[in-house]
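J.: run19.txt is reproduced below (compact mmCIF, C-alpha atoms).
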# COMPACT_ATOMS: atom_id res chain seq x y z
CA MET A 1 24.87 -5.76 3.74
CA ASN A 2 22.29 -7.61 5.88
CA ILE A 3 18.60 -6.90 5.49
CA LEU A 4 18.35 -4.64 8.54
CA ASP A 5 21.28 -2.52 7.39
CA ASN A 6 19.55 -2.31 4.03
CA PHE A 7 16.40 -1.06 5.76
CA LEU A 8 18.32 1.64 7.62
CA LYS A 9 19.80 2.84 4.33
CA LYS A 10 16.94 2.32 1.88
CA GLY A 11 13.80 1.92 4.01
CA LEU A 12 12.95 -1.38 2.35
CA ILE A 13 13.46 -5.09 3.00
CA ASN A 14 12.89 -7.72 0.34
CA PHE A 15 12.78 -11.02 2.22
CA GLY A 16 12.28 -13.05 -0.96
CA SER A 17 9.90 -16.00 -1.15
CA ILE A 18 10.11 -17.11 2.49
CA ILE A 19 6.44 -17.82 3.28
CA ASP A 20 5.01 -21.30 2.68
CA LYS A 21 3.80 -21.32 -0.95
CA LYS A 22 1.18 -24.01 -0.44
CA LYS A 23 -0.44 -22.10 2.44
CA CYS A 24 -0.29 -18.86 0.44
CA LYS A 25 -2.06 -20.54 -2.46
CA GLU A 26 -4.72 -21.95 -0.14
CA LEU A 27 -5.29 -18.47 1.28
CA HIS A 28 -5.39 -16.98 -2.21
CA ASP A 29 -7.96 -19.52 -3.35
CA LYS A 30 -10.19 -18.86 -0.34
CA VAL A 31 -10.19 -15.14 -1.09
CA PHE A 32 -10.80 -15.70 -4.79
CA SER A 33 -13.70 -18.13 -4.26
CA SER A 34 -15.38 -16.06 -1.54
CA ARG A 35 -16.97 -13.58 -3.94
CA ASP A 36 -17.91 -12.93 -7.53
CA LEU A 37 -14.71 -11.18 -8.61
CA SER A 38 -16.04 -9.94 -11.93
CA GLU A 39 -19.48 -8.74 -13.01
CA GLY A 40 -21.11 -9.08 -9.60
CA LEU A 41 -18.53 -7.10 -7.65
CA PHE A 42 -19.48 -3.51 -8.48
CA ARG A 43 -22.53 -1.37 -7.85
CA SER A 44 -24.49 0.10 -10.72
CA GLU A 45 -23.88 3.71 -11.70
CA LYS A 46 -27.43 4.57 -10.67
CA ASP A 47 -26.94 3.05 -7.24
CA PHE A 48 -23.62 4.85 -6.74
CA LEU A 49 -24.99 8.24 -7.78
CA SER A 50 -27.97 7.88 -5.47
CA ASN A 51 -25.70 7.06 -2.52
CA PRO A 52 -21.95 7.71 -3.10
CA ASP A 53 -21.12 6.27 0.35
CA SER A 54 -17.51 7.40 0.00
CA LYS A 55 -16.27 7.13 3.60
CA LYS A 56 -15.13 4.12 5.61
CA THR A 57 -15.66 1.57 2.86
CA ASN A 58 -12.44 -0.37 3.53
CA PRO A 59 -11.97 -3.14 6.09
CA GLY A 60 -10.90 -2.04 9.56
CA LYS A 61 -9.47 -3.70 12.63
CA GLY A 62 -12.23 -5.81 14.12
CA LYS A 63 -14.69 -4.51 11.53
CA ASN A 64 -15.77 -6.09 8.26
CA ASN A 65 -12.36 -7.65 7.71
CA PHE A 66 -12.04 -10.95 5.83
CA ALA A 67 -8.36 -11.37 6.76
CA GLU A 68 -9.26 -11.64 10.45
CA LYS A 69 -11.20 -14.84 9.78
CA PHE A 70 -8.02 -16.82 9.10
CA ASP A 71 -5.20 -18.27 11.13
CA LEU A 72 -2.23 -16.30 9.78
CA SER A 73 0.32 -17.62 12.27
CA PHE A 74 2.29 -19.22 9.43
CA ILE A 75 3.14 -15.64 8.44
CA GLU A 76 3.19 -13.81 11.76
CA LYS A 77 5.20 -16.49 13.58
CA ASN A 78 7.58 -17.25 10.76
CA PRO A 79 10.95 -17.10 12.58
CA VAL A 80 12.65 -14.83 10.01
CA VAL A 81 9.70 -12.44 9.89
CA LYS A 82 9.21 -12.32 13.65
CA LYS A 83 12.92 -11.84 14.40
CA ASN A 84 13.32 -8.89 12.06
CA ILE A 85 10.08 -7.17 12.99
CA ASP A 86 10.95 -7.48 16.68
CA LEU A 87 14.38 -5.97 16.01
CA LEU A 88 12.89 -3.12 13.99
CA VAL A 89 9.96 -2.03 16.15
CA GLY A 90 10.36 -4.05 19.34
CA GLU A 91 8.67 -7.19 20.58
CA ASP A 92 5.91 -5.02 22.04
CA HIS A 93 4.25 -3.80 18.86
CA GLU A 94 0.71 -3.60 17.54
CA ILE A 95 -0.79 -4.82 14.29
CA LEU A 96 -3.00 -1.82 13.52
CA LEU A 97 -4.51 -3.55 10.51
CA LYS A 98 -4.20 -6.67 8.40
CA ASN A 99 -6.20 -6.83 5.20
CA PHE A 100 -6.37 -8.51 1.83
CA VAL A 101 -5.65 -6.32 -1.18
CA ILE A 102 -6.89 -7.13 -4.69
CA GLY A 103 -5.55 -5.51 -7.84
CA VAL A 104 -8.60 -5.43 -10.09
CA PRO A 105 -8.21 -6.36 -13.77
CA ASP A 106 -9.49 -3.86 -16.30
CA ASN A 107 -12.10 -6.21 -17.74
CA TRP A 108 -13.88 -6.47 -14.37
CA ILE A 109 -14.57 -2.74 -14.21
CA PRO A 110 -17.81 -1.33 -15.71
CA THR A 111 -17.42 1.25 -18.45
CA TRP A 112 -18.99 4.00 -16.35
CA LEU A 113 -16.49 3.36 -13.56
CA LYS A 114 -13.46 3.32 -15.86
CA LYS A 115 -14.33 6.84 -16.98
CA LYS A 116 -14.72 7.99 -13.39
CA THR A 117 -11.50 6.50 -12.02
CA GLU A 118 -9.09 7.17 -14.90
CA LYS A 119 -8.49 10.73 -13.66
CA GLN A 120 -8.08 9.76 -10.03
CA LEU A 121 -4.61 9.52 -8.53
CA ALA A 122 -5.57 7.02 -5.85
CA ALA A 123 -8.02 4.60 -7.41
CA ASN A 124 -9.26 2.83 -4.29
CA LEU A 125 -12.48 1.22 -5.43
CA GLY A 126 -14.14 0.63 -2.05
CA SER A 127 -17.07 3.00 -2.47
CA TYR A 128 -17.92 1.48 -5.87
CA VAL A 129 -18.00 -2.11 -4.59
CA LYS A 130 -21.18 -3.70 -3.28
CA PRO A 131 -21.28 -3.41 0.55
CA GLU A 132 -21.25 -7.17 1.11
CA TYR A 133 -17.83 -7.40 -0.58
CA ARG A 134 -16.07 -4.55 1.25
CA ASP A 135 -14.23 -6.83 3.65
CA VAL A 136 -11.14 -6.63 1.43
CA THR A 137 -9.46 -3.66 -0.30
CA TYR A 138 -9.71 -3.20 -4.08
CA PHE A 139 -7.61 -0.90 -6.23
CA ARG A 140 -6.98 -0.02 -9.85
CA GLY A 141 -3.46 1.33 -9.71
CA ILE A 142 -2.34 4.04 -7.33
CA ASP A 143 0.11 6.90 -7.75
CA PHE A 144 3.23 7.08 -5.60
CA HIS A 145 2.34 7.68 -1.96
CA MET A 146 3.64 6.96 1.52
CA ASP A 147 1.65 4.96 4.04
CA LEU A 148 1.80 7.89 6.42
CA ILE A 149 -1.17 9.08 4.34
CA ASP A 150 -3.32 6.91 6.64
CA HIS A 151 -1.99 8.47 9.84
CA ALA A 152 -2.34 12.24 10.06
CA ASN A 153 -0.70 13.78 13.15
CA SER A 154 1.13 10.54 13.89
CA ILE A 155 4.90 9.97 14.05
CA GLY A 156 5.78 7.81 11.06
CA ASP A 157 7.32 4.90 12.91
CA ASN A 158 4.92 2.41 11.31
CA ILE A 159 6.13 -0.34 9.05
CA THR A 160 4.20 -2.04 6.27
CA VAL A 161 4.58 -5.78 5.69
CA TYR A 162 3.30 -6.97 2.31
CA LEU A 163 2.88 -10.55 1.09
CA TYR A 164 2.18 -11.74 -2.46
CA LEU A 165 -0.33 -14.61 -2.41
CA ASN A 166 0.15 -15.41 -6.10
CA ASP A 167 2.96 -15.06 -8.64
CA VAL A 168 3.17 -11.40 -9.71
CA THR A 169 4.31 -10.58 -13.23
CA GLU A 170 5.02 -7.18 -14.76
CA ASP A 171 1.41 -7.13 -16.05
CA MET A 172 -0.13 -7.72 -12.62
CA SER A 173 0.29 -4.31 -11.03
CA PRO A 174 3.54 -5.11 -9.19
CA LEU A 175 4.60 -2.75 -6.44
CA ASN A 176 6.98 0.05 -7.49
CA VAL A 177 9.06 1.19 -4.52
CA ILE A 178 11.35 4.24 -4.40
CA GLU A 179 14.33 3.20 -2.29
CA GLY A 180 15.64 5.78 0.16
CA SER A 181 12.71 8.16 -0.37
CA HIS A 182 12.27 8.43 3.41
CA VAL A 183 15.07 11.02 3.57
CA PHE A 184 12.69 13.96 3.08
CA GLY A 185 10.40 12.76 5.87
CA ALA A 186 6.69 13.53 5.79
CA THR A 187 5.52 15.16 2.55
CA LYS A 188 1.95 15.61 1.33
CA PHE A 189 0.28 13.54 -1.35
CA PRO A 190 0.45 14.06 -4.31
CA HIS A 191 4.23 14.28 -4.24
CA TYR A 192 6.74 16.18 -6.35
CA LEU A 193 7.93 13.59 -8.89
CA LYS A 194 9.52 13.76 -12.34
CA ASN A 195 11.66 11.83 -14.85
CA ASN A 196 10.12 8.47 -14.01
CA THR A 197 12.09 5.71 -15.79
CA VAL A 198 12.28 1.93 -15.44
CA ASN A 199 15.04 2.09 -12.82
CA SER A 200 14.94 5.59 -11.33
CA ILE A 201 12.79 8.58 -10.53
CA GLU A 202 13.32 12.11 -9.18
CA TYR A 203 11.45 13.05 -6.02
CA GLY A 204 11.49 16.35 -4.18
CA SER A 205 10.51 17.86 -0.87
CA SER A 206 9.52 20.96 -2.87
CA GLU A 207 9.48 22.20 -6.46
CA LYS A 208 13.11 23.30 -6.06
CA ASN A 209 14.61 20.45 -4.05
CA PHE A 210 14.78 17.21 -6.06
CA LYS A 211 16.94 14.14 -5.70
CA LYS A 212 17.34 11.09 -7.94
CA PHE A 213 16.36 7.75 -6.40
CA GLN A 214 16.51 4.13 -7.49
CA LYS A 215 13.17 2.49 -8.13
CA LYS A 216 12.45 -1.19 -7.53
CA VAL A 217 9.66 -2.99 -9.39
CA LEU A 218 8.73 -5.92 -7.17
CA ILE A 219 8.03 -8.71 -9.64
CA ALA A 220 8.08 -11.86 -7.52
CA GLU A 221 6.62 -15.28 -6.90
CA THR A 222 4.05 -16.56 -4.44
CA GLY A 223 5.15 -16.23 -0.81
CA SER A 224 7.38 -13.21 -1.43
CA LEU A 225 7.41 -10.84 1.51
CA PHE A 226 8.37 -7.16 1.64
CA LEU A 227 8.68 -4.61 4.42
CA TRP A 228 9.03 -0.84 4.20
CA SER A 229 8.84 2.34 6.27
CA SER A 230 5.71 4.49 6.27
CA PHE A 231 7.89 7.24 4.70
CA ILE A 232 8.81 5.17 1.64
CA LEU A 233 7.06 6.16 -1.58
CA HIS A 234 5.45 3.31 -3.50
CA GLY A 235 2.69 2.81 -6.02
CA THR A 236 1.40 0.63 -8.84
CA GLN A 237 0.20 0.83 -12.40
CA PRO A 238 -3.26 -0.55 -13.30
CA GLN A 239 -3.51 -4.24 -14.13
CA LYS A 240 -2.58 -5.16 -17.71
CA CYS A 241 -3.83 -8.75 -17.61
CA ASP A 242 -6.94 -10.62 -16.51
CA THR A 243 -5.35 -12.28 -13.47
CA PRO A 244 -5.91 -10.30 -10.27
CA ARG A 245 -3.04 -9.72 -7.87
CA ILE A 246 -4.14 -10.86 -4.42
CA SER A 247 -1.94 -9.82 -1.51
CA LEU A 248 -1.97 -9.46 2.26
CA ARG A 249 -0.93 -6.21 3.89
CA TYR A 250 0.00 -5.46 7.52
CA ASP A 251 0.27 -2.04 9.15
CA ILE A 252 2.43 -2.38 12.29
CA LYS A 253 3.32 0.23 14.92
CA PRO A 254 5.76 0.03 17.86
CA ASN A 255 4.68 0.65 21.40
CA LYS A 256 5.57 4.17 22.60
CA LYS A 257 7.78 2.67 25.31
CA ASN A 258 10.13 1.15 22.71
CA LYS A 259 12.98 3.66 22.85
CA ASN A 260 15.96 1.70 21.53
CA THR A 261 14.60 -0.06 18.46
CA LEU A 262 16.10 0.20 14.99
CA ILE A 263 13.10 2.21 13.82
CA ALA A 264 14.12 4.94 16.31
CA LYS A 265 17.60 4.98 14.78
CA PHE A 266 16.02 5.09 11.32
CA LEU A 267 13.88 8.13 12.23
CA ASN A 268 16.91 10.00 13.56
CA GLU A 269 18.44 10.00 10.07
CA ILE A 270 15.41 11.60 8.39
CA GLN A 271 15.94 15.18 7.20
CA GLY A 272 12.40 16.44 7.53
CA ASP A 273 9.19 16.33 9.54
CA LEU A 274 8.19 13.05 11.14
CA SER A 275 4.46 13.77 11.07
CA MET A 276 1.90 15.93 9.26
CA PRO A 277 -1.45 17.41 10.31
CA ILE A 278 -2.61 17.33 6.66
CA VAL A 279 -1.41 14.32 4.67
CA ARG A 280 -2.99 15.03 1.27
CA ASP A 281 -4.49 17.86 -0.74
CA ASP A 282 -5.64 16.11 -3.92
CA ILE A 283 -9.27 15.69 -2.90
CA ASP A 284 -12.05 17.69 -1.38
CA LEU A 285 -12.82 15.67 1.74
CA ASN A 286 -16.48 16.65 1.39
CA SER A 287 -16.73 15.32 -2.14
CA THR A 288 -16.32 11.96 -3.87
CA ASP A 289 -14.63 13.60 -6.86
CA HIS A 290 -10.93 14.43 -7.07
CA LYS A 291 -10.32 18.12 -7.68
CA GLN A 292 -7.78 19.49 -10.15
CA ILE A 293 -4.34 19.88 -8.66
CA LYS A 294 -1.33 21.90 -9.74
CA PHE A 295 1.05 18.90 -9.42
CA GLN A 296 -0.81 16.74 -11.95
CA LYS A 297 1.58 17.45 -14.85
CA ILE A 298 4.58 16.56 -12.71
CA LEU A 299 3.04 13.26 -11.73
CA LYS A 300 2.09 12.10 -15.22
Represent the structure contained in this file as structure tokens.
T.:
Amino acid sequence: MNILDNFLKKGLINFGSIIDKKKCKELHDKVFSSRDLSEGLFRSEKDFLSNPDSKKTNPGKGKNNFAEKFDLSFIEKNPVVKKNIDLLVGEDHEILLKNFVIGVPDNWIPTWLKKKTEKQLAANLGSYVKPEYRDVTYFRGIDFHMDLIDHANSIGDNITVYLYLNDVTEDMSPLNVIEGSHVFGATKFPHYLKNNTVNSIEYGSSEKNFKKFQKKVLIAETGSLFLWSSFILHGTQPQKCDTPRISLRYDIKPNKKNKNTLIAKFLNEIQGDLSMPIVRDDIDLNSTDHKQIKFQKILK
């Protein structure tokens, strides 16, 4: 099975370590040295409580985005990458966002913040980071989700391209991807999940409609590149070591005129909605605190 056939069946491509390792390391080192990635990264509890500043704290396209300061053509023009992306979503596609992602080790996080985030399902740390360092994305583990969560009311024809800039071990918050989970289409976060094991997990479109899926834990070396559909569930556990995982993520969308791409064929096989007006119900959008949800016991 070639990688595009694998995508049509499982919604995931693992390209392997195809990106220049030396250039990845150089990029990694520039990110790492650009900021105090330990004690100086986070705001004080007092500062946070006085101004929670919970919205729009992540880098955007053309706005406060460290990744846009670099020549990334060694990735974007890599012949294998370019060929397969063009076949999937068409040559006329848009990079909606490119951003660095840092998995934050536990020993960097202040005690007050650990207590606050341990009950959160999506521990994006942007609002807790000092404003001058918000040009990359920081996380402390994240429950299984689909990238459609970022695109309410949008057809899920996006693809995510994800590059490891350093070697990722099992202790470094490797990506966990549920192969084939696109079959149910658009479902709200948090999702119906149970019986999570090393190699498999059960996921449902409702409390009564579950299916068993294979789960891939993406432990891989520097330069490893992955691609998945915006309907594919994926997540990570918190870091278990002191070495941060530093990665580069792309969100790519085809032009509306692209009618005959493989992503169109992929969408035709989905047995569910292709978009959602409401993509999550785990948080009160007017609050910085996650509310209690009835699915929490299923997700644990």
J.: Using only C-alpha atoms, which residues sit within 10 Å of segment 256-260 of chain A once same-chain residues fewer than 3 positions away are excluded, as an MDAnalysis selection string?
T.: chainID A and resid 87:93 157 253 263:265
J.: Please write as a list in words the list of polymer residues whose atoms come within 7 Å of (-0.9, -9.8, 3.9), counting only C-alpha atoms and keeping to the coordinates of the file.
T.: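 Those within range, by chain then number, are Lys98, Asn99, Phe100, Tyr162, Leu163, Ser247, Leu248, Arg249 and Tyr250 of chain A.
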J.: Extract, using all atoms listed in the file, all DNA, RNA and protein residues at most 9 Å from Ile3 of chain A, discarding same-chain residues fewer than 5 positions from it, and format them as an MDAnalysis selection string.
T.: chainID A and resid 8 12:15 84
J.: Just want the 10 Å neighbourhood of Glu269 of chain A, counted on only C-alpha atoms, with same-chain residues fewer than 2 positions away dropped. Output as an MDAnalysis selection string.
T.: chainID A and resid 8:9 182:185 264:267 271:272
J.: Between A:Gly180, A:Pro190, A:Gly156, A:Gly126, which has the minimum distance to Lys55 of chain A (counting only C-alpha atoms)?
T.: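 Between A:Gly180, A:Pro190, A:Gly156, A:Gly126, the residue approaching Lys55 of chain A most closely is A:Gly126.
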J.: Dump as JSON lines the rows for residues of segment 217-270 of chain A within 9 Å of segment 25-29 of chain A: closest atom pair and distance in Å with one decimal, only C-alpha atoms counted, ordered by chain and rising residue number.
T.:
{"residue": "A:Thr222", "atom": "CA", "partner": "A:Lys25", "partner_atom": "CA", "distance": 7.6}
{"residue": "A:Gly223", "atom": "CA", "partner": "A:Lys25", "partner_atom": "CA", "distance": 8.6}
{"residue": "A:Ile246", "atom": "CA", "partner": "A:His28", "partner_atom": "CA", "distance": 6.6}
{"residue": "A:Ser247", "atom": "CA", "partner": "A:His28", "partner_atom": "CA", "distance": 8.0}
J.: From the set A:Glu76, A:Ser33, A:Tyr128, A:His145, which residue has the shortest atom-to-atom contact distance to Ser50 of chain A, counting only C-alpha atoms?
T.: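 Closest candidate: A:Tyr128.
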J.: Which value, in Å to one decimal, gives the distance between atom CA of Asp106 of chain A and atom CA of Asp242 of chain A?
T.: 7.2 Å
J.: I'd like the interatomic distance between atom CA of Ser224 of chain A and atom CA of Tyr164 of chain A, to a tenth of an Å.
T.: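 Distance between the two atoms: 5.5 Å.
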J.: Can I get C-alpha atoms for segment 14-37 of chain A, as a compact mmCIF listing (two decimals), in the first residue's frame?
T.:
# COMPACT_ATOMS: atom_id res chain seq x y z
CA ASN A 14 3.94 8.68 8.26
CA PHE A 15 6.64 9.88 5.87
CA GLY A 16 9.45 8.80 8.19
CA SER A 17 12.58 10.89 8.73
CA ILE A 18 12.68 12.60 5.33
CA ILE A 19 13.53 16.20 6.32
CA ASP A 20 17.17 17.29 6.60
CA LYS A 21 18.24 16.49 10.17
CA LYS A 22 20.95 19.13 10.34
CA LYS A 23 18.54 21.89 9.29
CA CYS A 24 15.92 20.60 11.74
CA LYS A 25 18.46 20.73 14.56
CA GLU A 26 19.48 24.26 13.60
CA LEU A 27 15.83 25.31 13.65
CA HIS A 28 15.30 23.55 16.99
CA ASP A 29 18.29 25.30 18.52
CA LYS A 30 17.10 28.72 17.34
CA VAL A 31 13.71 28.17 18.96
CA PHE A 32 15.27 26.84 22.15
CA SER A 33 17.75 29.72 22.51
CA SER A 34 15.23 32.45 21.67
CA ARG A 35 13.62 32.48 25.11
CA ASP A 36 14.01 31.44 28.71
CA LEU A 37 12.28 28.06 28.48
